[in-house]
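*Asks:* Quick one: this structure, given as C-alpha cells, is what I'll be asking you about.
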Amino acid sequence: MCLGIPGRIIRIDDETRKLATVDISGVKRQVNIACIVSDDHPVKACVGDWVLVHVGFAMSRIDEEEAAQTLKILTELGEAQAEIEAMKRSAAQAGG
Amino acid sequence: MKYVDEFRDGEKARVLISEIEALISSMALPPDRPLYLMEVCGGHTHSIFRYGLEGMLPKQIELVHGPGCPVCVLPMGRVDDCVAIAESPNVIFTTFGDAMRVPGSKKSLLQAKADGADVRMVYSPMDALALAQRNPEREIVFFGLGFETTMPSTALTILQAESEGIRNFSVFCNHITIVPTIKAILDSPGLQLDGFLGPGHVSMVIGTAPYEFIANFYRKPMVVAGFEPLDILQSIWMLLKQIREGRAEVENQYARIVPDEGNNAALHAVSHVYELREFFEWRGLGSIDHSGVRLREAYAHFDAERKFAIPNVRIADPKSCQCGEVLKGAIKPWQCKVFGTSCTPETPLGALMVSSEGACAAYYQYGGQKHQAEVV
C-alpha cells in the first residue's frame, strides 16, 4: 500500500474524470491521474509520463533528471573510491 | 524495472558501505554508544530487512524501526468497529489486503469473512467505488487506511462519488498523519535518537517543509529517503555526514519522486475532504493529539462512522505484547516475550507481526530467528 510501483501512462481514457491506462511492468490498469495534472501539465500531456502508482492513483511524476542526478552521485562516489584505491596501490608499490 | 533496478546495483552498494564505514571510523564514537537512526516508515523497515541492509552496516549504527506502518498502529477497538460494520446487514466491506488479519478483540476481518460477513479485498478505493456502482442495492464501505500517502486517494474517491451522486458508498476513515507522531516520539522521555530517515512517499504528498521543526527545534538531522537499497544506504551516508559535520538539516535524497513543495493537487483534495481529529488512538503508542483525520461535515453522508452504529470502544492491547516498546525503539522485536512463540505471522497477537511492513514480521521473516538464537 505504501511502497507504490512505477509505470508509464500509455493512454488517456477519460479526460474529465482524469483516468488513464498505465502500463506497470506489462500489466495494464486504469489509474486516476488527478494528482499529476496541473495547468502547466494538462491531462493530454501525460501520455508517456513515468509515474509512481499507489493504490490506483498516480501520485508523482518520476523526475528523470533527478533520478539521473542521484545515480551520478553514486557513480562518482565509486569512481572517487576507485581512484583512491589506485593511489593506495601505487603508493604501496612505490614504497615497496 | 525502470527506476528500480538502477537503485539495486550491488557494486554501488559496496561503495556506499565503505564510505559509511570510513565516516563512522572518523567519528571516534564511544564503544558503548552507537548512533541511533530511526526509519519512520514501515516501507523502509521492509526494504532494510528484505535486502539485509542492517547486517551490512557497521555495528556502530543501530537502526530503530519507527511507527510508520499504518496497519500495525491500528488499535484493536478500530478493528472491532470494522467487524461491526462488516457484519451489518446488506454491507460489502472493502479493505486493502494488509488489514485482513489484524486481530480485533474478538476476531479479525478474515475471521468475520469466514463467519459469513461480505468482506472483500480491493487494490484501490476506486475499485470499491466501482463495486458501489455495480451493486446499487448494497451498502459499500471502504476501510480508509494509511498516512498521507494514501489519504489523497480516498479523498479523490469521495469527491468522485459526490460528483456522480453515488449514495451507497462510504468510508470508515482511519487515516493518520505523520508529523504529530514524530513529535510524540521526539518528546518521549529517555529516547536516544541521532537522526531520521524521512518517509519518502508521505513526503511526496506533504513535501519537506513540515519536517523543518525536527532540525530547527530538536536539532536532529533528517534525510527523506527512497525505498531501494541504494536509496537507503545513500540516505544513511547523508545522515552520517550531517552528524559528522555538526549539521541538523532536512535533506532530500528522493528528489526523483519528492518535490520539496509536495503535491499541490493531492494536498488540495486532502484539505477539502478531511479535518483533523482532536486526537487519535494508536496501538502501542496511546492517544496522540491531532494525529488522525475525519471527514468534514460537508461529506458526512460518506462517513461510515455516522452511517453505521459502531461500538467505538477502546480496547487495551494484550498484556503479553510489547508492541509499544518496539514501536518506540525501546526494545528490539526479538526481545519481546511472545516474539516467535505465541506471536507469529500466521497467528499474530500484536499488529507489528501482521503486516510485512511491521518490524516484528520483517524480523521474523528475514532473520529474526538468528537473533532469537543469539539471545537464547
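Starting from 1 in every chain, residues are counted up; chains themselves are A, B, ... following the order of the C-alpha cells, and ligands are numbered from 1 as listed.
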How close does chain B get to chain A? List, as CSV, each residue of chain B within 7 Å, its nearest atom pair and the distance in Å to one decimal, counting only C-alpha atoms.

*Replies:*
residue,atom,partner,partner_atom,distance
B:Met1,CA,A:Ser25,CA,6.9
B:Lys12,CA,A:Leu74,CA,6.5
B:Val15,CA,A:Gly78,CA,5.7
B:Gly43,CA,A:Leu3,CA,6.0
B:Tyr123,CA,A:Val55,CA,5.8
B:Ser124,CA,A:Val55,CA,4.5
B:Thr149,CA,A:Cys2,CA,6.6
B:Ser153,CA,A:Phe57,CA,6.3
B:Ala255,CA,A:Glu66,CA,5.8
B:Arg256,CA,A:Asp63,CA,4.5
B:Ile257,CA,A:Ile62,CA,5.4
B:Ala265,CA,A:Cys35,CA,5.1
B:Ala266,CA,A:Cys35,CA,5.4

*Asks:* Could you please write out, as a PyMOL selection string, every residue of range 108-283 of chain B that DSSP assigns to helix (DSSP H, G or I)?

*Replies:* chain B and resi 109-114+125-134+151-163+178-187+200-206+209-216+229-244+264-273

*Asks:* As an exercise, work out the distance from CA of Pro180 in chain B to CA of Ile331 in chain B in Å and give it to one decimal place.

*Replies:*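 Between CA of Pro180 in chain B and CA of Ile331 in chain B the gap is 22.1 Å.
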
*Asks:* Given only C-alpha atoms as the basis, pick out the residue of B:Ala13, B:Gln133, B:Cys360, B:Val122 nearest to Gln335 in chain B.

*Replies:*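 Checking each of B:Ala13, B:Gln133, B:Cys360, B:Val122 against Gln335 in chain B, counting only C-alpha atoms, the winner is B:Cys360.
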
*Asks:* Contacts of Arg283 in chain B at 8 Å or less, counting only C-alpha atoms, minus same-chain residues fewer than 5 places along, as number ranges by chain?

*Replies:* B: 72-76, 317, 323-324, 351

*Asks:* Using only C-alpha atoms, determine which residues lie at most 12 Å from Ala209 in chain B, disregarding the query and same-chain residues fewer than 6 positions distant; provide the list as a ChimeraX atom specification.

*Replies:* /B:179,198,203,215-216,222,224,249-252,258-262

*Asks:* Range 27-33 of chain B: which residues within 8 Å, counting only C-alpha atoms, same-chain residues fewer than 3 positions away excluded, as a ChimeraX atom specification?

*Replies:* /B:23-24,60,244

*Asks:* Out of range 6-86 of chain A, which residues get strand (DSSP E or B) from DSSP, as a PyMOL selection string?

*Replies:* chain A and resi 6-14+19-24+27-32+50-54+57-61

*Asks:* Can I get the selected residues back with N, CA and C atoms, as a PDB file, in the first residue's frame?

*Replies:*
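Output below, filename result-v1.pdb:
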ATOM      1  N   PRO A   6       6.340   1.837 -10.135  1.00  0.00           N
ATOM      2  CA  PRO A   6       6.436   2.724 -11.296  1.00  0.00           C
ATOM      3  C   PRO A   6       5.757   2.147 -12.535  1.00  0.00           C
ATOM      4  N   GLY A   7       5.163   3.015 -13.312  1.00  0.00           N
ATOM      5  CA  GLY A   7       4.522   2.603 -14.562  1.00  0.00           C
ATOM      6  C   GLY A   7       4.518   3.764 -15.532  1.00  0.00           C
ATOM      7  N   ARG A   8       4.088   3.470 -16.776  1.00  0.00           N
ATOM      8  CA  ARG A   8       4.113   4.507 -17.810  1.00  0.00           C
ATOM      9  C   ARG A   8       2.705   4.712 -18.375  1.00  0.00           C
ATOM     10  N   ILE A   9       2.297   5.955 -18.439  1.00  0.00           N
ATOM     11  CA  ILE A   9       0.953   6.263 -18.968  1.00  0.00           C
ATOM     12  C   ILE A   9       0.951   6.018 -20.472  1.00  0.00           C
ATOM     13  N   ILE A  10       0.038   5.149 -20.940  1.00  0.00           N
ATOM     14  CA  ILE A  10       0.031   4.845 -22.375  1.00  0.00           C
ATOM     15  C   ILE A  10      -1.200   5.408 -23.094  1.00  0.00           C
ATOM     16  N   ARG A  11      -2.229   5.792 -22.308  1.00  0.00           N
ATOM     17  CA  ARG A  11      -3.456   6.248 -22.980  1.00  0.00           C
ATOM     18  C   ARG A  11      -4.310   7.025 -21.984  1.00  0.00           C
ATOM     19  N   ILE A  12      -4.954   8.082 -22.454  1.00  0.00           N
ATOM     20  CA  ILE A  12      -5.933   8.777 -21.612  1.00  0.00           C
ATOM     21  C   ILE A  12      -7.300   8.145 -21.895  1.00  0.00           C
ATOM     22  N   ASP A  13      -7.979   7.713 -20.852  1.00  0.00           N
ATOM     23  CA  ASP A  13      -9.280   7.052 -21.030  1.00  0.00           C
ATOM     24  C   ASP A  13     -10.447   8.020 -20.877  1.00  0.00           C
ATOM     25  N   ASP A  14     -10.296   8.974 -19.960  1.00  0.00           N
ATOM     26  CA  ASP A  14     -11.417   9.862 -19.654  1.00  0.00           C
ATOM     27  C   ASP A  14     -10.817  11.187 -19.171  1.00  0.00           C
ATOM     28  N   LEU A  19      -8.816   9.891 -15.910  1.00  0.00           N
ATOM     29  CA  LEU A  19      -8.476   8.467 -15.837  1.00  0.00           C
ATOM     30  C   LEU A  19      -7.598   8.099 -17.020  1.00  0.00           C
ATOM     31  N   ALA A  20      -6.562   7.309 -16.753  1.00  0.00           N
ATOM     32  CA  ALA A  20      -5.642   6.919 -17.812  1.00  0.00           C
ATOM     33  C   ALA A  20      -5.257   5.455 -17.634  1.00  0.00           C
ATOM     34  N   THR A  21      -4.798   4.838 -18.737  1.00  0.00           N
ATOM     35  CA  THR A  21      -4.284   3.478 -18.628  1.00  0.00           C
ATOM     36  C   THR A  21      -2.773   3.542 -18.450  1.00  0.00           C
ATOM     37  N   VAL A  22      -2.301   2.808 -17.454  1.00  0.00           N
ATOM     38  CA  VAL A  22      -0.876   2.794 -17.148  1.00  0.00           C
ATOM     39  C   VAL A  22      -0.347   1.378 -17.342  1.00  0.00           C
ATOM     40  N   ASP A  23       0.814   1.294 -17.980  1.00  0.00           N
ATOM     41  CA  ASP A  23       1.489   0.011 -18.153  1.00  0.00           C
ATOM     42  C   ASP A  23       2.473  -0.161 -16.995  1.00  0.00           C
ATOM     43  N   ILE A  24       2.167  -1.143 -16.136  1.00  0.00           N
ATOM     44  CA  ILE A  24       3.017  -1.387 -14.972  1.00  0.00           C
ATOM     45  C   ILE A  24       3.668  -2.760 -15.161  1.00  0.00           C
ATOM     46  N   VAL A  27       1.577  -5.092 -17.063  1.00  0.00           N
ATOM     47  CA  VAL A  27       0.178  -5.184 -16.630  1.00  0.00           C
ATOM     48  C   VAL A  27      -0.469  -3.819 -16.873  1.00  0.00           C
ATOM     49  N   LYS A  28      -1.622  -3.839 -17.563  1.00  0.00           N
ATOM     50  CA  LYS A  28      -2.282  -2.570 -17.845  1.00  0.00           C
ATOM     51  C   LYS A  28      -3.434  -2.365 -16.871  1.00  0.00           C
ATOM     52  N   ARG A  29      -3.493  -1.154 -16.319  1.00  0.00           N
ATOM     53  CA  ARG A  29      -4.541  -0.898 -15.325  1.00  0.00           C
ATOM     54  C   ARG A  29      -4.970   0.553 -15.424  1.00  0.00           C
ATOM     55  N   GLN A  30      -6.255   0.771 -15.204  1.00  0.00           N
ATOM     56  CA  GLN A  30      -6.738   2.146 -15.209  1.00  0.00           C
ATOM     57  C   GLN A  30      -6.375   2.829 -13.897  1.00  0.00           C
ATOM     58  N   VAL A  31      -5.859   4.039 -14.029  1.00  0.00           N
ATOM     59  CA  VAL A  31      -5.331   4.764 -12.882  1.00  0.00           C
ATOM     60  C   VAL A  31      -5.865   6.196 -12.917  1.00  0.00           C
ATOM     61  N   ASN A  32      -6.117   6.737 -11.745  1.00  0.00           N
ATOM     62  CA  ASN A  32      -6.539   8.133 -11.628  1.00  0.00           C
ATOM     63  C   ASN A  32      -5.291   9.024 -11.647  1.00  0.00           C
ATOM     64  N   TRP A  50       6.389   8.729 -16.956  1.00  0.00           N
ATOM     65  CA  TRP A  50       6.643   7.686 -15.961  1.00  0.00           C
ATOM     66  C   TRP A  50       6.092   8.186 -14.627  1.00  0.00           C
ATOM     67  N   VAL A  51       5.273   7.376 -13.990  1.00  0.00           N
ATOM     68  CA  VAL A  51       4.632   7.812 -12.739  1.00  0.00           C
ATOM     69  C   VAL A  51       4.771   6.731 -11.677  1.00  0.00           C
ATOM     70  N   LEU A  52       4.645   7.154 -10.430  1.00  0.00           N
ATOM     71  CA  LEU A  52       4.618   6.196  -9.334  1.00  0.00           C
ATOM     72  C   LEU A  52       3.162   6.001  -8.917  1.00  0.00           C
ATOM     73  N   VAL A  53       2.708   4.756  -8.957  1.00  0.00           N
ATOM     74  CA  VAL A  53       1.293   4.460  -8.715  1.00  0.00           C
ATOM     75  C   VAL A  53       1.111   3.871  -7.310  1.00  0.00           C
ATOM     76  N   HIS A  54       0.220   4.488  -6.553  1.00  0.00           N
ATOM     77  CA  HIS A  54      -0.160   3.983  -5.229  1.00  0.00           C
ATOM     78  C   HIS A  54      -1.659   3.717  -5.239  1.00  0.00           C
ATOM     79  N   PHE A  57      -3.712   5.263  -7.958  1.00  0.00           N
ATOM     80  CA  PHE A  57      -3.573   6.697  -8.212  1.00  0.00           C
ATOM     81  C   PHE A  57      -2.118   7.010  -8.564  1.00  0.00           C
ATOM     82  N   ALA A  58      -1.922   7.734  -9.661  1.00  0.00           N
ATOM     83  CA  ALA A  58      -0.573   8.207  -9.981  1.00  0.00           C
ATOM     84  C   ALA A  58      -0.290   9.350  -9.028  1.00  0.00           C
ATOM     85  N   MET A  59       0.689   9.169  -8.146  1.00  0.00           N
ATOM     86  CA  MET A  59       0.917  10.144  -7.086  1.00  0.00           C
ATOM     87  C   MET A  59       2.104  11.056  -7.369  1.00  0.00           C
ATOM     88  N   SER A  60       2.962  10.662  -8.296  1.00  0.00           N
ATOM     89  CA  SER A  60       4.106  11.519  -8.592  1.00  0.00           C
ATOM     90  C   SER A  60       4.634  11.194  -9.984  1.00  0.00           C
ATOM     91  N   ARG A  61       5.023  12.249 -10.714  1.00  0.00           N
ATOM     92  CA  ARG A  61       5.737  12.017 -11.968  1.00  0.00           C
ATOM     93  C   ARG A  61       7.189  11.800 -11.615  1.00  0.00           C
TER      94      ARG A  61
END

*Asks:* Measuring atom to atom with only C-alpha atoms, identify which of B:Pro67, B:Gly116, B:Pro311, B:Pro210 is nearest to Leu285 in chain B.

*Replies:*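 Using only C-alpha atoms, the shortest distance to Leu285 in chain B belongs to B:Pro67.
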
*Asks:* Just how far from CA of Arg306 in chain B is CA of Phe169 in chain B, in Å to one decimal?

*Replies:*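 Separation of CA of Phe169 in chain B and CA of Arg306 in chain B: 12.5 Å.
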
*Asks:* Which polymer residues have any atom within 10 Å of an atom of Pro221 in chain B, counting only C-alpha atoms, with same-chain residues fewer than 6 positions away left out, as a VMD selection string?

*Replies:* chain B and resid 37 193 to 198 211 to 212 214 to 215 238 to 243 246 to 251

*Asks:* Residues near Ser105 in chain B, anyone? I mean within 10 Å using only C-alpha atoms, not counting same-chain ones fewer than 6 positions away, as a PyMOL selection string.

*Replies:* chain B and resi 75-80+315-318

*Asks:* Write a file of the selected residues as a PDB file, in the first residue's frame, keeping C-alpha atoms.

*Replies:*
ATOM      1  CA  PRO B  75      -5.813  -0.175  17.669  1.00  0.00           C
ATOM      2  CA  MET B  76      -7.894  -3.227  18.441  1.00  0.00           C
ATOM      3  CA  GLY B  77     -11.018  -1.148  19.049  1.00  0.00           C
ATOM      4  CA  ARG B  78     -10.965   0.127  15.465  1.00  0.00           C
ATOM      5  CA  VAL B  79     -10.705  -3.430  14.134  1.00  0.00           C
ATOM      6  CA  ASP B  80     -13.760  -4.275  16.260  1.00  0.00           C
ATOM      7  CA  ILE B 315      -9.612  -1.983  23.932  1.00  0.00           C
ATOM      8  CA  ALA B 316      -6.292  -2.351  25.707  1.00  0.00           C
ATOM      9  CA  ASP B 317      -3.540  -4.204  23.812  1.00  0.00           C
ATOM     10  CA  PRO B 318      -2.873  -7.755  25.048  1.00  0.00           C
TER      11      PRO B 318
END

*Asks:* By how many Å are CA of Asn263 in chain B and CA of Leu233 in chain B apart?

*Replies:*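 Calculated distance between CA of Asn263 in chain B and CA of Leu233 in chain B is 25.7 Å.
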
*Asks:* Which residue, B:Thr341, B:Asn135, B:Gln365, B:Ser271, has the smallest gap to Ile166 in chain B when you use only C-alpha atoms?

*Replies:*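 Result for the nearest residue to Ile166 in chain B: B:Asn135.
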